[in-house]
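The next block holds one structure in the form of C-alpha cells; read it before the comments.
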Amino acid sequence: MPRNRSGILPAIIQPFPVGQMKSQDITRILHTQTPLITARLALRPLRLEDASDIFQCAHDPEVTRYTNWDAHRTVEDSRTFIDQTIAAYQRGENTELAMELKIEKKVIGTCGLVAVSAEHCHGEIAFAMAKQHWGGGLMAEALKATLAFGYGALQLNRIWAKVDPDNINTIRTLRRAGWQFEGTLRQDVKVRGTFRDVNMYSLLKTEFATSSMK
C-alpha cells in the first residue's frame, strides 16, 4: 500500500457519508484499522498486560507536570486507567492508543483522541510519553499518525488540544504546526488542589492538509 510523505499508511475510506458515523462505527474502526504504523512505533489499543509499562511512564512527576491527572502511585493505578480506557473504547468515545516501540515491543506512552463525538465529528488529542524518550521525534511520529487517523478513518472535522499555559514547549509545537489559539478557559480544571487555566487550540480538517503535522 502506498505511503504519504510522513511514512504513515493512508486511512481507509469508510463506506458511509461523512457526518453519519455512529459511536459503534468508531469502536469498529478502532479495532479493525489499528495498529497505526510509523517508522518506529505501532500505536494499538491498550491491553491490561501493558500496566507495568504504563506505570513506568505515568508515575514520573515530570511526565505529569502539565496534566490534569495525578502521577500513578502504583501499578494498580495504571490498571485502573487501562480498564477505563477499554470501557471508553466500547462506548466509541476514546481512541487513545499505546505507543509501542516496534523492535523492543515496549510501551513508552499513549497518544490518541478522547472525548470523541461521532455526531459532531470532533475529538480532543491527548498524549504522554516516558521522559527517557523525549526529544527523539517519537511523539511527532505518534501525533502525525493519530491526526491522519482522526481526519481520515474517523472522519473528524475538528480536533482540539487543551494545554496548560505554562507548557511552553507544547504551545510552540502547536503554533508552528498551524493550530489556532481559541482562547483561555479560566480556572477550568482543579489540579492537585489548585484551579488552573487551560488554553484551547484546534486544527480543522481543512487546515490539516497544509499543516506540518500531516
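In the C-alpha cells, chains take letters A, B, ... by order of appearance, with residues numbered from 1 within each chain and ligands from 1 in the order shown.
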Between stretch 103-197 of chain A and stretch 27-44 of chain A, at 12 Å or less, what are the per-residue closest atom pairs and their distances in Å? Count only C-alpha atoms, order by chain and rising residue number, and return it as a Markdown table.
```
| residue | atom | partner | partner_atom | distance |
| --- | --- | --- | --- | --- |
| A:Ile103 | CA | A:Arg40 | CA | 7.7 |
| A:Glu104 | CA | A:Arg40 | CA | 9.9 |
| A:Lys105 | CA | A:Ala42 | CA | 8.9 |
| A:Lys106 | CA | A:Leu41 | CA | 9.7 |
| A:Val107 | CA | A:Leu43 | CA | 9.3 |
| A:Ile108 | CA | A:Leu41 | CA | 9.8 |
| A:Gly109 | CA | A:Leu43 | CA | 9.8 |
| A:Thr110 | CA | A:Leu43 | CA | 8.2 |
| A:Cys111 | CA | A:Leu43 | CA | 7.9 |
| A:Gly112 | CA | A:Leu43 | CA | 8.8 |
| A:Leu113 | CA | A:Leu30 | CA | 10.9 |
| A:Val116 | CA | A:Thr27 | CA | 10.8 |
| A:Ser117 | CA | A:Thr27 | CA | 11.7 |
| A:Ala118 | CA | A:Thr27 | CA | 10.4 |
| A:Phe127 | CA | A:Leu43 | CA | 11.9 |
| A:Gly136 | CA | A:Arg40 | CA | 10.9 |
| A:Gly137 | CA | A:Arg40 | CA | 9.9 |
| A:Leu138 | CA | A:Arg40 | CA | 7.5 |
| A:Met139 | CA | A:Leu41 | CA | 9.6 |
| A:Ala140 | CA | A:Thr38 | CA | 10.2 |
| A:Glu141 | CA | A:Thr38 | CA | 6.3 |
| A:Ala142 | CA | A:Leu43 | CA | 7.4 |
| A:Leu143 | CA | A:Thr38 | CA | 10.3 |
| A:Lys144 | CA | A:Thr38 | CA | 9.0 |
| A:Ala145 | CA | A:Leu36 | CA | 6.5 |
| A:Thr146 | CA | A:Leu36 | CA | 7.9 |
| A:Leu147 | CA | A:Leu36 | CA | 10.9 |
| A:Ala148 | CA | A:Leu36 | CA | 9.6 |
| A:Phe149 | CA | A:Leu36 | CA | 8.0 |
| A:Gly150 | CA | A:Leu30 | CA | 10.4 |
| A:Gly152 | CA | A:Ile29 | CA | 10.9 |
| A:Ala153 | CA | A:Ile29 | CA | 7.2 |
| A:Leu154 | CA | A:Ile29 | CA | 7.4 |
| A:Gln155 | CA | A:Ile29 | CA | 10.8 |
```
Preceding selection exported with N, CA and C atoms as a compact mmCIF listing (two decimals), in the first residue's frame:
```txt
# COMPACT_ATOMS: atom_id res chain seq x y z
N ILE A 103 10.53 -2.54 17.70
CA ILE A 103 11.61 -3.51 17.88
C ILE A 103 11.60 -4.08 19.30
N GLU A 104 11.51 -3.20 20.30
CA GLU A 104 11.58 -3.65 21.69
C GLU A 104 10.27 -4.24 22.21
N LYS A 105 9.14 -3.98 21.51
CA LYS A 105 7.82 -4.41 21.98
C LYS A 105 7.52 -3.86 23.37
N LYS A 106 7.93 -2.61 23.59
CA LYS A 106 7.74 -1.97 24.88
C LYS A 106 6.86 -0.74 24.71
N VAL A 107 5.88 -0.58 25.60
CA VAL A 107 5.01 0.59 25.58
C VAL A 107 5.68 1.73 26.31
N ILE A 108 5.79 2.89 25.64
CA ILE A 108 6.50 4.03 26.23
C ILE A 108 5.59 5.22 26.48
N GLY A 109 4.29 5.06 26.24
CA GLY A 109 3.36 6.15 26.47
C GLY A 109 2.05 5.90 25.76
N THR A 110 1.24 6.94 25.67
CA THR A 110 -0.04 6.85 24.98
C THR A 110 -0.25 8.09 24.12
N CYS A 111 -1.01 7.92 23.05
CA CYS A 111 -1.38 9.04 22.19
C CYS A 111 -2.68 8.68 21.51
N GLY A 112 -3.62 9.60 21.51
CA GLY A 112 -4.88 9.30 20.85
C GLY A 112 -5.90 10.39 21.04
N LEU A 113 -7.13 10.06 20.71
CA LEU A 113 -8.23 11.01 20.76
C LEU A 113 -9.20 10.61 21.85
N VAL A 116 -14.31 11.78 22.01
CA VAL A 116 -14.69 11.71 20.60
C VAL A 116 -16.21 11.74 20.46
N SER A 117 -16.70 12.52 19.54
CA SER A 117 -18.13 12.58 19.24
C SER A 117 -18.35 12.22 17.78
N ALA A 118 -19.01 11.08 17.55
CA ALA A 118 -19.35 10.70 16.18
C ALA A 118 -20.36 11.68 15.60
N PHE A 127 -1.83 13.06 24.93
CA PHE A 127 -0.62 12.28 24.76
C PHE A 127 0.29 12.42 25.97
N GLY A 136 13.41 12.74 20.83
CA GLY A 136 13.87 11.90 19.73
C GLY A 136 12.94 11.82 18.55
N GLY A 137 11.88 12.61 18.57
CA GLY A 137 10.95 12.64 17.45
C GLY A 137 9.87 11.58 17.48
N LEU A 138 9.83 10.75 18.54
CA LEU A 138 8.83 9.69 18.60
C LEU A 138 7.41 10.25 18.77
N MET A 139 7.29 11.30 19.58
CA MET A 139 5.96 11.86 19.78
C MET A 139 5.45 12.51 18.49
N ALA A 140 6.35 13.11 17.72
CA ALA A 140 5.94 13.69 16.44
C ALA A 140 5.39 12.60 15.52
N GLU A 141 6.03 11.43 15.50
CA GLU A 141 5.53 10.31 14.71
C GLU A 141 4.13 9.91 15.16
N ALA A 142 3.95 9.82 16.47
CA ALA A 142 2.67 9.38 17.03
C ALA A 142 1.57 10.40 16.72
N LEU A 143 1.88 11.69 16.85
CA LEU A 143 0.88 12.73 16.60
C LEU A 143 0.46 12.74 15.14
N LYS A 144 1.42 12.62 14.23
CA LYS A 144 1.08 12.61 12.81
C LYS A 144 0.17 11.44 12.48
N ALA A 145 0.49 10.27 13.01
CA ALA A 145 -0.34 9.09 12.74
C ALA A 145 -1.73 9.25 13.33
N THR A 146 -1.82 9.81 14.54
CA THR A 146 -3.11 9.99 15.20
C THR A 146 -3.98 10.98 14.45
N LEU A 147 -3.41 12.08 14.01
CA LEU A 147 -4.18 13.08 13.27
C LEU A 147 -4.65 12.53 11.93
N ALA A 148 -3.78 11.80 11.23
CA ALA A 148 -4.18 11.20 9.96
C ALA A 148 -5.33 10.21 10.17
N PHE A 149 -5.29 9.48 11.24
CA PHE A 149 -6.35 8.53 11.59
C PHE A 149 -7.64 9.27 11.92
N GLY A 150 -7.52 10.35 12.70
CA GLY A 150 -8.70 11.11 13.10
C GLY A 150 -9.40 11.77 11.93
N GLY A 152 -8.96 11.03 8.77
CA GLY A 152 -9.21 10.06 7.72
C GLY A 152 -10.27 9.05 8.09
N ALA A 153 -9.85 7.95 8.71
CA ALA A 153 -10.77 6.85 9.00
C ALA A 153 -11.93 7.27 9.90
N LEU A 154 -11.65 8.12 10.90
CA LEU A 154 -12.71 8.52 11.83
C LEU A 154 -13.56 9.67 11.32
N GLN A 155 -13.13 10.29 10.24
CA GLN A 155 -13.89 11.36 9.58
C GLN A 155 -14.17 12.55 10.50
```
Using only C-alpha atoms, determine which residues lie at most 9 Å from stretch 157-165 of chain A, disregarding the query and same-chain residues fewer than 4 positions distant; provide the list as a PyMOL selection string. chain A and resi 66-68+113+120-126+147+150-151+170-171+174+179+184+196-206
As a PyMOL selection string, which residues of chain A does DSSP assign to strand (DSSP E)? chain A and resi 36-37+41-45+97-101+106-117+122-129+158-163+180-191+194-204
Among A:Asp70, A:Ile26, A:Phe55, A:Leu46, A:Glu100 is approached most closely, using only C-alpha atoms, by A:Leu46
Within 6 Å of A:Ser78, counting only C-alpha atoms, which residues show up once you throw out same-chain ones fewer than 2 positions away? Write them as a VMD selection string, please. chain A and resid 51 55 75 to 76 80 to 81
Considering only C-alpha atoms, state which residue in the set A:Ala98, A:Ala88, A:Met129, A:Ile168 is at the smallest distance from A:Asp50.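 Checking each candidate against A:Asp50, we get A:Ala98 as the closest.
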Nearest to A:Asp83 among A:Gly193, A:Pro45, A:Gln187, A:Glu62, with distances taken over only C-alpha atoms: which residue is it? A:Pro45
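Atom CA of A:Val191 is positioned 11.4 Å from atom CA of A:Ala71.
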Check the smallest atom-to-atom distance from each of A:Gly178, A:Thr74, A:Ser23, A:Gly135 to A:Ala115 using only C-alpha atoms, then report the winner. A:Ser23
